[in-house]
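*Asks:* mmCIF, C-alpha atoms, saved as query_17.cif, coming up:
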```cif
data_entry
#
loop_
_atom_site.label_atom_id
_atom_site.label_comp_id
_atom_site.auth_asym_id
_atom_site.auth_seq_id
_atom_site.Cartn_x
_atom_site.Cartn_y
_atom_site.Cartn_z
CA MET A 1 2.00 25.86 -44.51
CA ARG A 2 5.08 24.96 -42.50
CA SER A 3 8.22 23.98 -44.32
CA MET A 4 9.01 20.32 -44.89
CA ARG A 5 12.03 20.51 -42.68
CA ASP A 6 10.01 21.89 -39.77
CA ILE A 7 7.46 19.13 -40.08
CA ARG A 8 10.09 16.45 -40.31
CA ARG A 9 11.76 17.76 -37.17
CA ARG A 10 8.45 17.78 -35.39
CA ILE A 11 7.70 14.18 -36.39
CA ARG A 12 11.06 13.09 -35.07
CA SER A 13 10.49 14.80 -31.74
CA VAL A 14 6.99 13.32 -31.30
CA HIS A 15 8.39 9.94 -32.19
CA SER A 16 11.08 10.08 -29.53
CA THR A 17 8.53 11.21 -26.95
CA GLN A 18 6.41 8.25 -27.94
CA GLN A 19 9.32 5.91 -27.38
CA ILE A 20 9.63 7.22 -23.83
CA THR A 21 5.93 6.93 -23.07
CA ARG A 22 5.83 3.44 -24.52
CA ALA A 23 8.78 2.35 -22.39
CA MET A 24 7.18 3.84 -19.28
CA ASN A 25 3.96 2.08 -20.10
CA MET A 26 5.75 -1.25 -20.34
CA ILE A 27 7.67 -0.71 -17.10
CA ALA A 28 4.48 0.26 -15.27
CA THR A 29 2.68 -2.77 -16.68
CA SER A 30 5.30 -5.23 -15.50
CA ARG A 31 5.64 -3.63 -12.09
CA LEU A 32 1.91 -3.36 -11.68
CA ARG A 33 1.60 -7.14 -11.69
CA ARG A 34 3.96 -7.47 -8.73
CA ALA A 35 2.48 -4.53 -6.85
CA GLN A 36 -1.08 -5.73 -7.42
CA GLU A 37 -0.23 -9.23 -6.21
CA ASN A 38 1.43 -7.86 -3.09
CA ALA A 39 -1.47 -5.55 -2.32
CA ILE A 40 -4.08 -8.24 -2.73
CA THR A 41 -2.32 -10.93 -0.68
CA ASN A 42 -1.70 -8.35 2.02
CA ARG A 43 -5.42 -7.60 2.28
CA ALA A 44 -6.11 -10.95 3.97
CA PHE A 45 -3.61 -10.01 6.65
CA THR A 46 -4.96 -6.49 7.10
CA ASN A 47 -8.50 -7.81 7.37
CA ALA A 48 -7.40 -10.34 9.97
CA VAL A 49 -5.76 -7.55 11.96
CA TRP A 50 -8.96 -5.50 11.79
CA ASP A 51 -11.03 -8.50 12.85
CA ALA A 52 -8.81 -9.10 15.85
CA ILE A 53 -8.87 -5.42 16.86
CA GLN A 54 -12.62 -5.32 16.48
CA GLU A 55 -13.01 -8.41 18.63
CA ILE A 56 -10.76 -6.98 21.28
CA GLY A 57 -12.92 -3.87 21.21
CA SER A 58 -16.02 -5.90 22.03
CA HIS A 59 -14.46 -6.71 25.39
CA GLN A 60 -13.72 -4.48 28.30
CA VAL A 61 -10.56 -2.55 27.50
CA SER A 62 -9.07 0.25 29.50
CA SER A 63 -5.98 1.04 27.44
CA LEU A 64 -5.35 4.62 26.38
CA PHE A 65 -5.48 3.58 22.73
CA TRP A 66 -9.23 3.12 22.95
CA ARG A 67 -10.06 6.46 24.54
CA PRO A 68 -11.06 9.41 22.36
CA ARG A 69 -8.99 12.54 22.90
CA GLN A 70 -9.79 16.24 22.76
CA GLU A 71 -6.31 17.69 23.11
CA GLY A 72 -3.51 17.57 20.62
CA ARG A 73 -2.96 17.88 16.91
CA LEU A 74 -4.10 15.69 14.06
CA CYS A 75 -1.57 13.52 12.33
CA TYR A 76 -1.90 12.59 8.67
CA ILE A 77 0.18 9.96 6.93
CA VAL A 78 -0.15 10.58 3.21
CA VAL A 79 0.97 8.05 0.61
CA GLY A 80 2.04 9.63 -2.68
CA ALA A 81 4.28 8.84 -5.64
CA ASP A 82 7.97 9.54 -6.20
CA LYS A 83 7.45 10.48 -9.83
CA GLY A 84 4.88 12.21 -11.93
CA LEU A 85 3.55 11.06 -15.30
CA CYS A 86 0.87 8.96 -13.71
CA GLY A 87 -2.25 10.86 -14.67
CA PRO A 88 -4.35 12.26 -11.86
CA TYR A 89 -2.86 10.01 -9.15
CA ASN A 90 -0.78 12.66 -7.38
CA ALA A 91 -3.24 15.47 -7.93
CA ASN A 92 -6.08 13.45 -6.41
CA ILE A 93 -4.23 12.46 -3.27
CA LEU A 94 -2.95 16.03 -2.87
CA ARG A 95 -6.44 17.49 -3.20
CA SER A 96 -7.89 15.02 -0.70
CA PHE A 97 -5.14 15.90 1.72
CA LEU A 98 -5.60 19.66 1.31
CA GLU A 99 -9.33 19.28 1.85
CA SER A 100 -8.83 17.27 5.03
CA GLU A 101 -8.76 18.84 8.46
CA GLY A 102 -5.18 17.84 9.02
CA ALA A 103 -3.71 19.94 6.23
CA GLY A 104 -3.40 23.05 8.37
CA GLU A 105 -2.00 22.62 11.83
CA GLY A 106 -1.49 18.88 11.79
CA VAL A 107 1.58 16.72 11.80
CA HIS A 108 2.31 15.76 8.21
CA VAL A 109 3.98 12.49 7.42
CA ILE A 110 4.58 12.15 3.70
CA THR A 111 5.84 9.41 1.43
CA GLY A 112 6.75 10.07 -2.18
CA ARG A 113 9.19 12.64 -3.55
CA ARG A 114 6.65 14.18 -5.90
CA LEU A 115 4.08 14.76 -3.21
CA GLN A 116 6.68 16.24 -0.91
CA SER A 117 7.87 18.76 -3.50
CA GLN A 118 4.29 19.74 -4.30
CA LEU A 119 3.65 20.43 -0.64
CA ARG A 120 6.86 22.39 -0.30
CA PHE A 121 5.82 24.47 -3.31
CA ARG A 122 2.60 25.32 -1.50
CA GLY A 123 4.48 26.20 1.68
CA ILE A 124 3.06 23.31 3.69
CA SER A 125 5.41 21.88 6.27
CA VAL A 126 6.41 18.23 6.15
CA ASP A 127 7.30 16.78 9.54
CA TYR A 128 8.53 13.43 8.35
CA TYR A 129 9.35 12.26 4.88
CA GLU A 130 10.02 8.81 3.50
CA GLU A 131 10.97 8.04 -0.08
CA GLY A 132 8.58 5.72 -1.88
CA GLY A 133 10.91 3.37 -3.76
CA ASP A 134 9.96 0.80 -6.38
CA LEU A 135 8.11 -1.61 -4.14
CA PRO A 136 7.15 -0.84 -0.55
CA THR A 137 8.98 -2.76 2.16
CA PRO A 138 7.84 -3.59 5.71
CA LYS A 139 10.89 -1.60 6.89
CA GLN A 140 9.42 1.61 5.50
CA ALA A 141 6.16 0.99 7.33
CA GLU A 142 8.16 0.22 10.46
CA ARG A 143 9.99 3.56 10.25
CA LEU A 144 6.77 5.49 9.70
CA ALA A 145 5.10 3.73 12.62
CA SER A 146 8.10 4.43 14.84
CA PHE A 147 7.77 8.12 14.04
CA VAL A 148 4.03 8.54 14.62
CA LEU A 149 3.48 6.25 17.60
CA PRO A 150 5.63 8.14 20.12
CA LEU A 151 3.76 11.34 19.17
CA PHE A 152 0.52 9.65 20.06
CA MET A 153 1.92 8.15 23.24
CA ASN A 154 3.20 11.47 24.59
CA GLY A 155 -0.08 13.20 23.87
CA GLU A 156 1.15 15.56 21.18
CA VAL A 157 -1.18 14.02 18.65
CA ARG A 158 -4.82 13.13 19.28
CA GLU A 159 -5.53 11.22 16.11
CA ILE A 160 -3.49 9.36 13.52
CA ASN A 161 -4.99 9.08 10.06
CA LEU A 162 -3.73 7.28 7.00
CA LEU A 163 -4.57 8.73 3.59
CA TYR A 164 -3.89 6.51 0.60
CA THR A 165 -5.26 5.36 -2.75
CA HIS A 166 -7.05 2.07 -2.58
CA PHE A 167 -6.54 -0.15 -5.61
CA VAL A 168 -9.92 -1.33 -6.95
CA ASN A 169 -8.88 -2.42 -10.42
CA ILE A 170 -6.69 -1.07 -13.18
CA LEU A 171 -9.15 1.64 -14.18
CA ASN A 172 -10.61 2.42 -10.78
CA ARG A 173 -8.99 3.81 -7.70
CA GLU A 174 -10.44 5.18 -4.56
CA ILE A 175 -8.93 7.56 -2.03
CA LYS A 176 -9.34 6.28 1.48
CA THR A 177 -8.83 7.82 4.89
CA VAL A 178 -8.36 5.35 7.71
CA LYS A 179 -8.28 6.42 11.31
CA LEU A 180 -5.51 4.33 12.83
CA LEU A 181 -5.65 5.63 16.39
CA PRO A 182 -7.43 5.97 18.73
CA LEU A 183 -9.70 3.00 18.31
CA ASP A 184 -12.65 4.50 20.17
CA GLU A 185 -15.05 3.66 17.33
CA PHE A 186 -14.47 -0.02 17.92
CA ARG A 187 -15.45 0.18 21.51
CA ALA A 188 -18.65 -1.69 22.17
CA ASP A 189 -21.25 -0.13 24.45
CA LYS A 190 -21.94 -3.36 26.22
CA ALA A 191 -18.74 -5.15 26.99
CA ARG A 192 -18.68 -8.89 26.90
CA GLN A 193 -16.89 -11.08 29.38
CA ASP A 194 -13.44 -10.02 30.38
CA LEU A 195 -10.51 -10.64 28.16
CA LEU A 196 -7.37 -12.22 29.48
CA TRP A 197 -4.05 -10.54 28.78
CA GLU A 198 -0.71 -12.22 29.06
CA PRO A 199 1.40 -10.93 30.71
CA SER A 200 -0.65 -7.70 31.16
CA GLU A 201 -2.91 -5.48 29.10
CA GLU A 202 -0.41 -2.65 28.83
CA ALA A 203 2.49 -4.95 28.00
CA VAL A 204 0.57 -6.68 25.23
CA PHE A 205 -0.82 -3.44 23.88
CA SER A 206 2.50 -1.68 23.64
CA LYS A 207 3.65 -4.41 21.26
CA LEU A 208 0.35 -5.09 19.58
CA ILE A 209 -0.41 -1.48 18.67
CA HIS A 210 2.98 -1.07 17.04
CA HIS A 211 2.34 -4.21 15.03
CA TYR A 212 -1.15 -3.06 14.12
CA VAL A 213 -0.08 0.43 13.00
CA THR A 214 2.85 -0.98 11.01
CA SER A 215 0.58 -3.51 9.29
CA LEU A 216 -1.93 -0.89 8.24
CA ILE A 217 0.68 1.55 7.00
CA TYR A 218 2.30 -1.25 5.02
CA ASN A 219 -1.05 -2.06 3.47
CA GLY A 220 -1.56 1.61 2.58
CA LEU A 221 1.87 1.73 0.92
CA LEU A 222 1.15 -1.41 -1.10
CA GLU A 223 -2.28 -0.24 -2.21
CA GLY A 224 -0.86 3.17 -3.11
CA LYS A 225 1.93 1.63 -5.15
CA ALA A 226 -0.43 -0.64 -7.09
CA SER A 227 -2.68 2.36 -7.79
CA GLU A 228 0.29 4.44 -8.89
CA TYR A 229 1.47 1.86 -11.41
CA ALA A 230 -2.07 1.34 -12.70
CA ALA A 231 -2.51 5.09 -13.11
CA ARG A 232 0.84 5.41 -14.85
CA MET A 233 0.08 2.50 -17.15
CA VAL A 234 -3.24 4.01 -18.24
CA ALA A 235 -1.79 7.51 -18.62
CA MET A 236 1.19 6.34 -20.64
CA ASP A 237 -1.00 4.15 -22.83
CA ALA A 238 -3.14 7.18 -23.66
CA ALA A 239 -0.01 9.27 -24.29
CA THR A 240 1.37 6.66 -26.70
CA ASP A 241 -1.93 6.62 -28.59
CA ASN A 242 -1.97 10.40 -28.76
CA ALA A 243 1.56 10.44 -30.12
CA ASP A 244 0.45 7.98 -32.80
CA ASP A 245 -2.37 10.30 -33.83
CA MET A 246 -0.02 13.23 -33.93
CA ILE A 247 2.49 11.41 -36.08
CA LYS A 248 -0.27 10.44 -38.51
CA GLU A 249 -1.49 14.01 -38.72
CA LEU A 250 2.03 15.37 -39.21
CA THR A 251 2.87 12.77 -41.85
CA LEU A 252 -0.18 13.87 -43.80
CA GLN A 253 0.95 17.49 -43.56
CA TYR A 254 4.43 16.48 -44.60
CA ASN A 255 3.19 14.64 -47.68
CA GLN A 256 1.03 17.58 -48.63
CA ALA A 257 3.97 19.92 -48.31
CA ARG A 258 6.12 17.56 -50.35
CA GLN A 259 3.55 17.37 -53.12
CA ALA A 260 3.12 21.12 -53.14
CA SER A 261 6.85 21.65 -53.48
CA ILE A 262 7.09 19.13 -56.35
CA THR A 263 4.19 20.76 -58.13
CA GLN A 264 5.79 24.12 -57.67
CA GLU A 265 9.12 22.88 -59.02
CA ILE A 266 7.45 21.42 -62.12
CA ALA A 267 5.58 24.65 -62.65
CA GLU A 268 8.84 26.55 -62.40
CA ILE A 269 10.60 24.29 -64.88
CA VAL A 270 7.73 24.43 -67.34
CA GLY A 271 7.55 28.17 -66.88
CA GLY A 272 11.30 28.45 -67.51
CA ALA A 273 11.12 26.29 -70.66
CA GLU A 274 8.22 28.36 -71.96
CA ALA A 275 10.22 31.52 -71.51
CA LEU A 276 13.19 30.16 -73.48
CA ARG A 277 11.12 29.28 -76.51
CA MET B 1 -17.47 -30.36 20.38
CA ALA B 2 -16.98 -27.98 17.52
CA GLY B 3 -13.42 -27.56 16.28
CA LEU B 4 -11.21 -24.57 16.55
CA ARG B 5 -10.65 -22.32 13.57
CA LEU B 6 -6.95 -21.65 13.30
CA ARG B 7 -5.67 -18.86 11.09
CA ILE B 8 -2.03 -18.00 10.59
CA VAL B 9 -1.59 -14.80 8.61
CA THR B 10 1.47 -12.77 7.66
CA PRO B 11 1.74 -9.62 5.52
CA HIS B 12 2.87 -11.78 2.60
CA ASN B 13 0.43 -14.66 2.73
CA GLN B 14 -2.25 -16.53 4.56
CA LEU B 15 -0.45 -19.64 5.68
CA LEU B 16 -3.37 -21.51 7.15
CA ASP B 17 -7.11 -21.23 7.59
CA ASP B 18 -8.34 -24.55 8.83
CA SER B 19 -10.32 -26.27 11.52
CA VAL B 20 -8.16 -28.03 14.14
CA GLU B 21 -8.69 -29.76 17.46
CA MET B 22 -5.93 -28.14 19.44
CA VAL B 23 -3.02 -25.75 19.12
CA VAL B 24 0.20 -25.33 21.08
CA LEU B 25 1.65 -21.83 20.98
CA PRO B 26 4.89 -20.25 22.20
CA GLY B 27 3.26 -17.59 24.37
CA SER B 28 5.28 -14.80 25.93
CA GLU B 29 4.80 -16.45 29.35
CA GLY B 30 5.58 -19.95 28.19
CA GLN B 31 3.93 -22.63 26.13
CA LEU B 32 0.22 -22.40 25.76
CA ALA B 33 -2.15 -25.20 24.69
CA VAL B 34 -5.49 -24.09 23.32
CA TYR B 35 -8.58 -26.27 23.00
CA PRO B 36 -12.04 -25.21 21.79
CA GLY B 37 -13.89 -23.22 24.40
CA HIS B 38 -10.78 -21.43 25.62
CA ILE B 39 -11.28 -18.21 27.53
CA PRO B 40 -10.71 -15.10 25.34
CA LEU B 41 -7.05 -14.20 25.53
CA VAL B 42 -4.62 -11.89 23.80
CA THR B 43 -0.91 -12.40 24.08
CA THR B 44 2.28 -11.74 22.21
CA LEU B 45 4.23 -14.70 20.91
CA GLN B 46 7.84 -15.60 21.30
CA ASP B 47 9.61 -16.58 18.14
CA GLY B 48 9.17 -20.31 17.98
CA GLU B 49 7.09 -23.23 16.90
CA ILE B 50 3.34 -23.73 16.63
CA GLN B 51 1.85 -27.22 16.68
CA ALA B 52 -1.66 -27.77 15.39
CA GLY B 53 -3.31 -31.13 16.04
CA LYS B 54 -6.15 -32.60 14.04
CA GLY B 55 -6.92 -36.23 14.77
CA ALA B 56 -3.69 -38.16 14.61
CA LYS B 57 -2.15 -35.61 12.28
CA GLU B 58 0.05 -32.86 13.54
CA ARG B 59 1.24 -29.85 11.61
CA ARG B 60 4.04 -27.58 12.65
CA PHE B 61 4.78 -23.97 11.83
CA ARG B 62 7.44 -21.50 12.76
CA VAL B 63 6.54 -17.90 13.60
CA ALA B 64 8.47 -14.75 14.32
CA GLY B 65 7.29 -11.38 15.61
CA GLY B 66 3.66 -12.19 16.21
CA TRP B 67 0.71 -11.97 18.50
CA VAL B 68 -2.38 -14.06 18.91
CA LYS B 69 -6.04 -13.43 19.55
CA ILE B 70 -7.80 -16.41 21.07
CA SER B 71 -11.54 -16.75 21.46
CA SER B 72 -13.64 -19.79 22.28
CA GLU B 73 -13.93 -20.89 18.65
CA GLN B 74 -11.10 -19.12 16.86
CA VAL B 75 -7.35 -18.60 17.09
CA ILE B 76 -5.89 -15.85 14.89
CA ILE B 77 -2.12 -15.69 14.72
CA LEU B 78 -0.75 -12.50 13.20
CA ALA B 79 2.94 -12.69 12.58
CA ARG B 80 5.64 -10.78 10.77
CA GLU B 81 7.06 -14.01 9.39
CA ALA B 82 5.71 -17.54 9.41
CA GLU B 83 6.37 -20.74 7.53
CA ALA B 84 5.21 -24.32 7.51
CA LEU B 85 7.63 -26.91 8.82
CA ASP B 86 5.84 -29.86 7.19
CA LYS B 87 8.09 -30.09 4.20
CA GLY B 88 11.38 -31.50 5.40
CA ARG B 89 13.48 -28.46 4.62
CA SER B 90 12.78 -24.98 5.70
CA THR B 91 12.39 -22.40 2.97
CA LEU B 92 13.68 -19.71 5.26
CA ALA B 93 16.92 -21.62 5.66
CA GLU B 94 17.16 -21.96 1.89
CA GLU B 95 16.68 -18.24 1.46
CA LEU B 96 19.49 -17.55 3.87
CA GLN B 97 21.94 -19.72 1.99
#
```
Please lay out the structure from this file as structure tokens.
*Replies:*
Amino acid sequence: MRSMRDIRRRIRSVHSTQQITRAMNMIATSRLRRAQENAITNRAFTNAVWDAIQEIGSHQVSSLFWRPRQEGRLCYIVVGADKGLCGPYNANILRSFLESEGAGEGVHVITGRRLQSQLRFRGISVDYYEEGGDLPTPKQAERLASFVLPLFMNGEVREINLLYTHFVNILNREIKTVKLLPLDEFRADKARQDLLWEPSEEAVFSKLIHHYVTSLIYNGLLEGKASEYAARMVAMDAATDNADDMIKELTLQYNQARQASITQEIAEIVGGAEALR
Amino acid sequence: MAGLRLRIVTPHNQLLDDSVEMVVLPGSEGQLAVYPGHIPLVTTLQDGEIQAGKGAKERRFRVAGGWVKISSEQVIILAREAEALDKGRSTLAEELQ
């Protein structure tokens, strides 16, 4: 049996760990509410953007954004977390990315410090990196869009994909891959009547596509952040419970050790008294 | 004639989803009035004011950084920022103060 002092030290250390996990749980819980709200209100916007794009696709469009491409690399935008301690969140997104086609030769656009360092550890290049921050801002999405769009325009990249964790509810998350460009899948076989563009198709598209890509990246960042906080909240809740169990177990051991030492002391005293008689 | 479904959506909220009779938009090539049955049109918007008419009532909105998808029965406005101008003071102005 370990000495009382050892056990006491161990209890103290588990207790301080528990204080950290409990604090992280509370922070994640309070931030989750904001992140979840943002993600859910943003969905209406993202859906409206999709609807509009889909409708445009049902008309005759000639823009280069709607044509499938053979040449060029794949581009993956991967949304990860800045920090660890959020259960399987980072591991899942990393695995999905490594399993995707883009992990090899593609252009890798990464958000999240943690994800970036994991990729660096594996020797995978990162072409563009953006820190995650506490809550995603439209500016971040803007910067990411401004990096990937020119690559698509100049033909270096044939496909832009967005890989993120979709927030279902607190316990459920789902990794999603969204093909942002080109939009060839939305092209209808039988085009309806012509669509009017003001001032011209190319002029509208150059602005519209930027807006569309930014919107979808922003949505991915928001969903990812909500998922991250949910994952962290659940993980830290479990960790706090585990620490509780450990403290209980150690306290039991400590009491046993204490009793044993008292019994031994009494036995020694009695033994000593006997010897004097 | 059936009304026009007008939606104004921004990344932060859905400002409006309602049936209206007509809309006036600040199109990139000048003001644009849309009635039901309009020819399908896509255009970017200048930063400015939207007026939506329903009967005698008129509602006004301000948009920035947006584009619009018009079809015969629906107008979807997707903007970076938008706010209603119905309530006397503008919230955007308050935020700036």
*Asks:* Give me, as a count of residues only, the residues of chain A touching chain B, with the criterion being at most 9 Å (counting all atoms listed in the file).
*Replies:* 32
*Asks:* Please enumerate the residues selected by the PyMOL selection byres ((chain A and resi 21-30) around 12) when evaluated against the supplied file, formatted as a ChimeraX atom specification.
*Replies:* /A:14-20,31-37,83-86,134-135,170,225-244
*Asks:* Just give me the gap between atom CA of Leu6 of chain B and atom CA of Glu202 of chain A in Å, one decimal is fine.
*Replies:*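 A separation of 25.4 Å between them.
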*Asks:* What is the atom CA of Arg5 of chain A-atom CA of Ala273 of chain A distance in Å, reported with one decimal?
*Replies:*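 Between atom CA of Arg5 of chain A and atom CA of Ala273 of chain A the gap is 28.6 Å.
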*Asks:* Could you tell me how far atom CA of Pro26 of chain B sits from atom CA of Arg60 of chain B, in Å to one decimal place?
*Replies:*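 Spanning atom CA of Arg60 of chain B to atom CA of Pro26 of chain B is a straight-line distance of 12.1 Å.
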*Asks:* Extract, using all atoms listed in the file, all DNA, RNA and protein residues at most 10 Å from Val78 of chain A, discarding same-chain residues fewer than 5 positions from it, and format them as a list in words.
*Replies:* Ile93, Leu94, Ser96, Phe97, His108, Val109, Ile110, Thr111, Gly112, Leu115, Gln116, Tyr129, Asn161, Leu162, Leu163, Tyr164, Thr165, Thr177, Ile217, Gly220, Leu221 and Gly224 of chain A
*Asks:* Would you mind writing segment 41-54 of chain B with N, CA, C and O atoms, as an mmCIF file, in the frame of the given file?
*Replies:*
```cif
data_model
loop_
_atom_site.group_PDB
_atom_site.id
_atom_site.type_symbol
_atom_site.label_atom_id
_atom_site.label_comp_id
_atom_site.auth_asym_id
_atom_site.auth_seq_id
_atom_site.Cartn_x
_atom_site.Cartn_y
_atom_site.Cartn_z
ATOM 1 N N LEU B 41 -8.381 -14.556 25.066
ATOM 2 C CA LEU B 41 -7.050 -14.200 25.530
ATOM 3 C C LEU B 41 -6.277 -13.525 24.409
ATOM 4 O O LEU B 41 -6.412 -13.902 23.248
ATOM 5 N N VAL B 42 -5.517 -12.511 24.763
ATOM 6 C CA VAL B 42 -4.620 -11.890 23.800
ATOM 7 C C VAL B 42 -3.220 -11.932 24.374
ATOM 8 O O VAL B 42 -3.017 -11.574 25.529
ATOM 9 N N THR B 43 -2.279 -12.390 23.602
ATOM 10 C CA THR B 43 -0.910 -12.400 24.080
ATOM 11 C C THR B 43 0.058 -12.260 22.925
ATOM 12 O O THR B 43 -0.280 -12.557 21.778
ATOM 13 N N THR B 44 1.234 -11.784 23.237
ATOM 14 C CA THR B 44 2.280 -11.740 22.210
ATOM 15 C C THR B 44 2.963 -13.100 22.184
ATOM 16 O O THR B 44 2.908 -13.851 23.148
ATOM 17 N N LEU B 45 3.581 -13.399 21.067
ATOM 18 C CA LEU B 45 4.230 -14.700 20.910
ATOM 19 C C LEU B 45 5.736 -14.527 20.908
ATOM 20 O O LEU B 45 6.262 -13.551 20.372
ATOM 21 N N GLN B 46 6.386 -15.529 21.481
ATOM 22 C CA GLN B 46 7.840 -15.600 21.300
ATOM 23 C C GLN B 46 8.091 -16.189 19.927
ATOM 24 O O GLN B 46 7.241 -16.889 19.383
ATOM 25 N N ASP B 47 9.271 -15.926 19.388
ATOM 26 C CA ASP B 47 9.610 -16.580 18.140
ATOM 27 C C ASP B 47 9.775 -18.064 18.429
ATOM 28 O O ASP B 47 10.499 -18.440 19.346
ATOM 29 N N GLY B 48 9.082 -18.886 17.693
ATOM 30 C CA GLY B 48 9.170 -20.310 17.980
ATOM 31 C C GLY B 48 8.210 -21.127 17.143
ATOM 32 O O GLY B 48 7.811 -20.709 16.054
ATOM 33 N N GLU B 49 7.826 -22.261 17.686
ATOM 34 C CA GLU B 49 7.090 -23.230 16.900
ATOM 35 C C GLU B 49 5.637 -23.327 17.343
ATOM 36 O O GLU B 49 5.327 -23.280 18.532
ATOM 37 N N ILE B 50 4.761 -23.506 16.360
ATOM 38 C CA ILE B 50 3.340 -23.730 16.630
ATOM 39 C C ILE B 50 3.032 -25.161 16.236
ATOM 40 O O ILE B 50 3.446 -25.611 15.162
ATOM 41 N N GLN B 51 2.305 -25.880 17.067
ATOM 42 C CA GLN B 51 1.850 -27.220 16.680
ATOM 43 C C GLN B 51 0.341 -27.222 16.650
ATOM 44 O O GLN B 51 -0.309 -26.777 17.586
ATOM 45 N N ALA B 52 -0.208 -27.685 15.528
ATOM 46 C CA ALA B 52 -1.660 -27.770 15.390
ATOM 47 C C ALA B 52 -2.046 -29.224 15.228
ATOM 48 O O ALA B 52 -1.523 -29.913 14.353
ATOM 49 N N GLY B 53 -2.919 -29.721 16.086
ATOM 50 C CA GLY B 53 -3.310 -31.130 16.040
ATOM 51 C C GLY B 53 -4.699 -31.299 15.473
ATOM 52 O O GLY B 53 -5.619 -30.543 15.786
ATOM 53 N N LYS B 54 -4.836 -32.273 14.588
ATOM 54 C CA LYS B 54 -6.150 -32.600 14.040
ATOM 55 C C LYS B 54 -6.176 -34.117 13.888
ATOM 56 O O LYS B 54 -5.495 -34.671 13.027
#
```
